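First comes the structure, then the notes that go with it.
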Amino acid sequence: MSATSDLANLDLVARRLRLKLIQMSHAAGTPHLGSALSCVDILVAAYWNVVKVDPRNPSDPLRDRFILSKGHAATALYATLAERGFFPKEWLDTFAAHGAPLAEQPAPNCAPGVELATGSLGHGLPVGVGMALAARIQKRDYRVFVCMSDGECNEGTVWEAAMFAPARKLDRLCVVIDYNKWQATGRSNEIMALPSLRDKWAAFGWTAHEVDGHDLAALSRLLKNVPDGSGKPVALIAHTIKGKGVSFMQDDNNWHYRIPKPEEIEAARKELGLA
Amino acid sequence: MKISFSTKSLRETFGQTLVELGERYKQLIVLDADLNTSARTVLFKERYPDRFIQCGIAEANLFGIAAGLAAQGYVTFPSTFAAFAARKALDQVYVNIAYPKLDVKIAGSYCGMTATECGPSHNCAEDLAIMRALPHVKVLDPGDNYELRSMMHAMMAEPGPVYFRVAKVNAAELFGPDHNFEFGVGHLLREGRDVTLFGTGFMTAVALAAATLLDREGISAAVAHIPSLKPIDEELIVRQARATGAFVTIENHRVFGGLGGAVAEIVSREYPVQLEMLGLGDTVFEAAPLQDLLRHYELTPHALAARARALVTRKRRATAA
């Protein structure tokens with residue numbers, strides 16, 4: 001699979017990745033499947049159409065940085081990186097096993113392409129800001145993308161960093177919020193006054209767009225447009241569906257913790273149109 | 001007995017040494033959380049504005065940004081008060097810095113009781129315990145200006161995270177300009193037979209003064225200075241345990257998990273001895289000038305000498321019996 005592909009192919013890639021995440025959750029008995037399925041299209045659009053990275057040279061100092069700050073959705077990142085050739089797909093088979101490279105939440109330097117140990121929420125953006133500052137000091141033009149969850153926007157550090165980045169005109173920094181309207185224990189818009197996320201990020205000095213977080217073309221177009229010439233960092237409020245791609249998982253928050261059974265994997269495979 | 005303090009504050013030395021290191025190491029970046037005049041990082045800011053990052057009153061963000069820069073090859077010095085580094089931003093220090101072993105050198109100023117009149121919200125009697133408990137983090141409390149400077153040079157040559165204290169005091173001079181700090185090395189400043197007084201940071205000067213008092217009454221007290229709490233000089237501690245059989249520790253910190261705790265962890269395993277710890281108990285450092293605080297919490301040479309005297313008396317009785 002080449003790095004740039006047409007949308008039909010990318011749709012197939014996304015469906016394959018979704019099945020893989022379901023299989024990984026089952027095999028390892030790990031939760032957060034709904035959260036992982038939610039951000040697959042964001043990762044596919046980024047890693048196939050936007051982020052300048054080379055699997056053969058994963059530490060290239062000039063590469064774009066992509067941070068999955070919602071570390072609990074690590075399966076989505078691992079499956080994406082494996083599919084893009086950063087490491088053998090067999091690594092996915094030992095996901096979450098003791099001593100295996102891919103842990104339930106990403107460890108430091110655990111695998112080529114993983115930029116940051118995440119898991120404790122609200123850390124990705126401040127570190128991403130540091131990386132963007134490093135690029136500026138080094139006079140390098142790489143970009144930094146940080147994918148966060150909507151629940152993660154409960155964390156105060158998100159807003160500390162949100163206030164800081166525009167003050168430094170870090171216009172090569174982009175936040176993508178996987179806005180699936182759920183967090184672990186309830187509706188994210190009810191637990192915290194999140195709406196309007198677009199207005200909040202705009203008010204903090206970011207160029208803020210709302211986008212269908214499952215529209216690969218729209219996501220790719222907006223992500224490619226970073227920096228957008230305004231001098232501001234960019235925030236994409238990506239409206240998503242938790243558990244996206246499988247009817248009986250979609251928008252059902254039980255799948256924050258539930259582990260799929262073998263018959264559910266088969267049902268999902270059929271729905272995803274995969275043999 | 002009074003301690004004679006230096007004319008120069010540790011924080012001034014901190015600021016000046018940053019400037020010195022900034023000249024030599026172009027990959028050094030200093031970050032601040034709106035305290036650069038108090039913490040004296042302003043000296044670096046004036047000299048190297050391009051390598052100084054003002055993060056605002058947002059300590060969690062400060063450490064996250066410091067980690068992001070360090071992950072791209074910089075050596076970063078995020079600076080804030082000890083209270084905010086150890087208490088407010090602990091998860092950032094752990095997840096972003098300690099866990100990936102990044103080259104981040106954390107300066108905790110106004111540590112222990114040295115925020116003085118600012119009171120319990122700013123005083124921090126638990127930073128050594130908290131930082132010592134983190135994986136991969138080296139923990140240091142310099143005894144004087146010479147040692148702080150040498151320590152900062154040493155940490156540039158030592159990859160990985162360091163937490164070091166910059167007390168807001170004019171610490172008494174223990175050493176001279178050729179003093180050489182090494183990680184995990186303590187210093188026996190005074191020989192003695194009956195008891196060893198252990199100090200860290202500027203409190204070692206109190207131990208030295210106490211030893212002089214004890215000497216006048218026929219008690220021979222050794223004084224050991226422990227600037228590196230992690231790694232710690234186990235060999236020195238065990239040697240002193242065998243030589244004197246009785247320890248008193250004194251620190252600008254709570255008696256849980258700091259110098260006393262670190263020494264106890266070693267002797268309880270290697271060579272148990274009678275051990276008394278002087279420091280703050282299960283309470284807060286109240287708001288007051290430094291000298292009042294030292295008296296109030298019994299961290300003076302007289303108070304230390306009294307505890308050591310009682311310990312030596314018990315030891316002598318036990319030996320006689």
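Lettering and numbering for the structure tokens are positional, with chains as A, B, ... in the shown order, residues counted from 1 in each chain, and ligands counted from 1 in the shown order.
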Skipping near chain neighbours, those fewer than 4 positions away, what residues fall within 7 Å of range 243-259 of chain A using only C-alpha atoms, listed as a VMD selection string? chain A and resid 25 to 26 29 to 35 37 to 38 182 184 268 271 to 272
Just the residues within 12 Å of His98 in chain A, please, counting only C-alpha atoms, with nothing from its chain fewer than 5 positions along; format it as an MDAnalysis selection string. chainID A and resid 28 103:104
Closest to Lys105 in chain B among B:Phe183, B:Phe44, B:Phe77, B:Tyr271, using only C-alpha atoms? B:Phe77
Could the residues of chain A within 10 Å of chain B, counting only C-alpha atoms, be given as a PDB file with N, CA and C atoms, in the first residue's frame, please?
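Resulting contents of iface.pdb:
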```
ATOM      1  N   PRO A  61      14.814  13.601  11.509  1.00  0.00           N
ATOM      2  CA  PRO A  61      14.555  14.834  12.285  1.00  0.00           C
ATOM      3  C   PRO A  61      13.562  15.771  11.594  1.00  0.00           C
ATOM      4  N   ALA A 107       4.333   3.010  25.563  1.00  0.00           N
ATOM      5  CA  ALA A 107       5.489   3.293  26.410  1.00  0.00           C
ATOM      6  C   ALA A 107       6.494   4.134  25.625  1.00  0.00           C
ATOM      7  N   PRO A 108       7.454   4.770  26.312  1.00  0.00           N
ATOM      8  CA  PRO A 108       8.449   5.577  25.590  1.00  0.00           C
ATOM      9  C   PRO A 108       9.246   4.715  24.604  1.00  0.00           C
ATOM     10  N   ASN A 109       9.375   5.192  23.392  1.00  0.00           N
ATOM     11  CA  ASN A 109      10.164   4.507  22.352  1.00  0.00           C
ATOM     12  C   ASN A 109       9.805   3.032  22.217  1.00  0.00           C
ATOM     13  N   GLU A 115       5.596   8.458  18.909  1.00  0.00           N
ATOM     14  CA  GLU A 115       6.354   9.651  19.294  1.00  0.00           C
ATOM     15  C   GLU A 115       6.389   9.881  20.798  1.00  0.00           C
ATOM     16  N   LEU A 116       5.394   9.349  21.523  1.00  0.00           N
ATOM     17  CA  LEU A 116       5.263   9.755  22.922  1.00  0.00           C
ATOM     18  C   LEU A 116       4.548   8.674  23.719  1.00  0.00           C
ATOM     19  N   ALA A 117       5.003   8.514  24.965  1.00  0.00           N
ATOM     20  CA  ALA A 117       4.265   7.674  25.912  1.00  0.00           C
ATOM     21  C   ALA A 117       3.036   8.446  26.360  1.00  0.00           C
ATOM     22  N   THR A 118       1.877   7.891  26.125  1.00  0.00           N
ATOM     23  CA  THR A 118       0.649   8.577  26.519  1.00  0.00           C
ATOM     24  C   THR A 118      -0.219   7.618  27.328  1.00  0.00           C
ATOM     25  N   GLY A 119      -1.304   8.116  27.806  1.00  0.00           N
ATOM     26  CA  GLY A 119      -2.198   7.299  28.632  1.00  0.00           C
ATOM     27  C   GLY A 119      -2.829   8.163  29.700  1.00  0.00           C
ATOM     28  N   SER A 120      -2.000   8.874  30.443  1.00  0.00           N
ATOM     29  CA  SER A 120      -2.519   9.883  31.362  1.00  0.00           C
ATOM     30  C   SER A 120      -2.970  11.047  30.494  1.00  0.00           C
ATOM     31  N   GLY A 122      -4.322  14.522  28.742  1.00  0.00           N
ATOM     32  CA  GLY A 122      -3.982  15.935  28.825  1.00  0.00           C
ATOM     33  C   GLY A 122      -2.497  16.215  28.678  1.00  0.00           C
ATOM     34  N   HIS A 123      -1.717  15.196  28.295  1.00  0.00           N
ATOM     35  CA  HIS A 123      -0.269  15.377  28.185  1.00  0.00           C
ATOM     36  C   HIS A 123       0.201  15.633  26.756  1.00  0.00           C
ATOM     37  N   GLY A 124      -0.544  15.132  25.785  1.00  0.00           N
ATOM     38  CA  GLY A 124      -0.068  15.193  24.400  1.00  0.00           C
ATOM     39  C   GLY A 124       0.114  16.598  23.873  1.00  0.00           C
ATOM     40  N   LEU A 125      -0.820  17.474  24.208  1.00  0.00           N
ATOM     41  CA  LEU A 125      -0.734  18.822  23.627  1.00  0.00           C
ATOM     42  C   LEU A 125       0.440  19.632  24.196  1.00  0.00           C
ATOM     43  N   PRO A 126       0.632  19.673  25.533  1.00  0.00           N
ATOM     44  CA  PRO A 126       1.818  20.400  26.022  1.00  0.00           C
ATOM     45  C   PRO A 126       3.125  19.873  25.427  1.00  0.00           C
ATOM     46  N   VAL A 127       3.262  18.562  25.332  1.00  0.00           N
ATOM     47  CA  VAL A 127       4.496  18.016  24.756  1.00  0.00           C
ATOM     48  C   VAL A 127       4.571  18.361  23.269  1.00  0.00           C
ATOM     49  N   GLY A 128       3.437  18.300  22.584  1.00  0.00           N
ATOM     50  CA  GLY A 128       3.400  18.686  21.174  1.00  0.00           C
ATOM     51  C   GLY A 128       3.807  20.144  20.984  1.00  0.00           C
ATOM     52  N   VAL A 129       3.394  20.988  21.914  1.00  0.00           N
ATOM     53  CA  VAL A 129       3.803  22.398  21.882  1.00  0.00           C
ATOM     54  C   VAL A 129       5.325  22.492  21.994  1.00  0.00           C
ATOM     55  N   GLY A 130       5.901  21.696  22.900  1.00  0.00           N
ATOM     56  CA  GLY A 130       7.362  21.677  23.045  1.00  0.00           C
ATOM     57  C   GLY A 130       8.044  21.245  21.752  1.00  0.00           C
ATOM     58  N   MET A 131       7.474  20.245  21.100  1.00  0.00           N
ATOM     59  CA  MET A 131       8.053  19.779  19.834  1.00  0.00           C
ATOM     60  C   MET A 131       7.942  20.856  18.758  1.00  0.00           C
ATOM     61  N   ALA A 132       6.831  21.571  18.747  1.00  0.00           N
ATOM     62  CA  ALA A 132       6.658  22.634  17.763  1.00  0.00           C
ATOM     63  C   ALA A 132       7.624  23.797  18.036  1.00  0.00           C
ATOM     64  N   LEU A 133       7.868  24.059  19.311  1.00  0.00           N
ATOM     65  CA  LEU A 133       8.859  25.096  19.658  1.00  0.00           C
ATOM     66  C   LEU A 133      10.258  24.668  19.225  1.00  0.00           C
ATOM     67  N   ALA A 134      10.547  23.373  19.416  1.00  0.00           N
ATOM     68  CA  ALA A 134      11.858  22.860  18.995  1.00  0.00           C
ATOM     69  C   ALA A 134      12.040  23.071  17.497  1.00  0.00           C
ATOM     70  N   ALA A 135      10.997  22.793  16.722  1.00  0.00           N
ATOM     71  CA  ALA A 135      11.076  22.982  15.267  1.00  0.00           C
ATOM     72  C   ALA A 135      11.389  24.437  14.936  1.00  0.00           C
ATOM     73  N   ILE A 137      12.909  26.681  16.878  1.00  0.00           N
ATOM     74  CA  ILE A 137      14.267  27.046  17.283  1.00  0.00           C
ATOM     75  C   ILE A 137      15.289  26.449  16.317  1.00  0.00           C
ATOM     76  N   GLN A 138      14.994  25.230  15.847  1.00  0.00           N
ATOM     77  CA  GLN A 138      15.916  24.554  14.924  1.00  0.00           C
ATOM     78  C   GLN A 138      15.748  25.028  13.479  1.00  0.00           C
ATOM     79  N   GLY A 156      -7.250  20.365  32.514  1.00  0.00           N
ATOM     80  CA  GLY A 156      -6.808  21.758  32.489  1.00  0.00           C
ATOM     81  C   GLY A 156      -5.575  21.998  31.648  1.00  0.00           C
ATOM     82  N   THR A 157      -4.703  20.994  31.554  1.00  0.00           N
ATOM     83  CA  THR A 157      -3.472  21.172  30.780  1.00  0.00           C
ATOM     84  C   THR A 157      -3.765  21.446  29.308  1.00  0.00           C
ATOM     85  N   VAL A 158      -4.875  20.872  28.817  1.00  0.00           N
ATOM     86  CA  VAL A 158      -5.252  21.125  27.422  1.00  0.00           C
ATOM     87  C   VAL A 158      -5.420  22.626  27.205  1.00  0.00           C
ATOM     88  N   TRP A 159      -6.045  23.257  28.169  1.00  0.00           N
ATOM     89  CA  TRP A 159      -6.350  24.684  27.993  1.00  0.00           C
ATOM     90  C   TRP A 159      -5.153  25.567  28.324  1.00  0.00           C
ATOM     91  N   GLU A 160      -4.256  25.076  29.181  1.00  0.00           N
ATOM     92  CA  GLU A 160      -2.984  25.804  29.385  1.00  0.00           C
ATOM     93  C   GLU A 160      -2.232  25.865  28.054  1.00  0.00           C
ATOM     94  N   ALA A 161      -2.149  24.701  27.402  1.00  0.00           N
ATOM     95  CA  ALA A 161      -1.422  24.643  26.126  1.00  0.00           C
ATOM     96  C   ALA A 161      -2.184  25.391  25.039  1.00  0.00           C
ATOM     97  N   ALA A 162      -3.505  25.329  25.116  1.00  0.00           N
ATOM     98  CA  ALA A 162      -4.329  26.016  24.103  1.00  0.00           C
ATOM     99  C   ALA A 162      -4.117  27.528  24.163  1.00  0.00           C
ATOM    100  N   MET A 163      -3.866  28.047  25.362  1.00  0.00           N
ATOM    101  CA  MET A 163      -3.605  29.492  25.500  1.00  0.00           C
ATOM    102  C   MET A 163      -2.196  29.856  25.078  1.00  0.00           C
ATOM    103  N   PHE A 164      -1.283  28.888  25.253  1.00  0.00           N
ATOM    104  CA  PHE A 164       0.129  29.172  25.001  1.00  0.00           C
ATOM    105  C   PHE A 164       0.446  29.189  23.497  1.00  0.00           C
ATOM    106  N   ALA A 165      -0.046  28.184  22.782  1.00  0.00           N
ATOM    107  CA  ALA A 165       0.365  28.007  21.375  1.00  0.00           C
ATOM    108  C   ALA A 165       0.069  29.222  20.487  1.00  0.00           C
ATOM    109  N   ALA A 167      -0.116  32.294  21.432  1.00  0.00           N
ATOM    110  CA  ALA A 167       0.753  33.396  21.864  1.00  0.00           C
ATOM    111  C   ALA A 167       2.113  33.292  21.191  1.00  0.00           C
ATOM    112  N   ARG A 168       2.541  32.069  20.869  1.00  0.00           N
ATOM    113  CA  ARG A 168       3.820  31.864  20.184  1.00  0.00           C
ATOM    114  C   ARG A 168       3.629  31.691  18.676  1.00  0.00           C
TER     115      ARG A 168
END
```
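Relative to CA of Gly192 in chain B, CA of Val273 in chain B is found at 15.7 Å.
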Can you tell me, as a PyMOL selection string, which residues in range 42-81 of chain B count as strand (DSSP E) by DSSP? chain B and resi 52-54+75-81
Of the residues B:Asp233, B:Glu117, B:Glu12, B:Glu217, which is the one nearest to Phe285 in chain B, using only C-alpha atoms? B:Glu117
Work out how far apart CA of Ala287 in chain B and CA of Ile250 in chain B are and give it in Å to one decimal.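 One can read the CA of Ala287 in chain B to CA of Ile250 in chain B distance as 20.4 Å.
Surrounding range 169-175 of chain B within 8 Å are B:Ile3, B:Ser4, B:Phe5, B:Ser6, B:Thr7, B:Lys8, B:Ser9, B:Leu10, B:Arg11, B:Thr114, B:Gly143, B:Asp144, B:Asn145, B:Tyr146, B:Glu147, B:Ala167, B:Pro177, B:Asp178, B:His179, B:Phe202, B:Ala205, with only C-alpha atoms counted and residues fewer than 2 positions along the same chain left out.
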Could you dump the residues just selected with C-alpha atoms as a CSV table (one decimal), in the first residue's frame?
```csv
chain,number,residue,atom,x,y,z
B,3,ILE,CA,25.6,30.2,61.4
B,4,SER,CA,27.5,32.6,59.3
B,5,PHE,CA,25.7,32.9,56.0
B,6,SER,CA,27.3,33.7,52.7
B,7,THR,CA,26.8,37.1,51.1
B,8,LYS,CA,25.5,35.5,47.9
B,9,SER,CA,22.2,33.6,47.5
B,10,LEU,CA,21.9,30.2,46.0
B,11,ARG,CA,19.4,31.5,43.5
B,114,THR,CA,12.7,28.9,52.3
B,143,GLY,CA,25.2,22.7,50.4
B,144,ASP,CA,26.5,26.0,49.1
B,145,ASN,CA,27.1,28.2,46.1
B,146,TYR,CA,30.2,26.3,45.0
B,147,GLU,CA,28.4,23.0,45.2
B,167,ALA,CA,16.9,27.2,48.5
B,177,PRO,CA,35.8,27.2,44.2
B,178,ASP,CA,37.6,23.9,43.3
B,179,HIS,CA,34.8,21.8,44.9
B,202,PHE,CA,22.2,24.4,53.6
B,205,ALA,CA,26.1,24.1,58.2
```
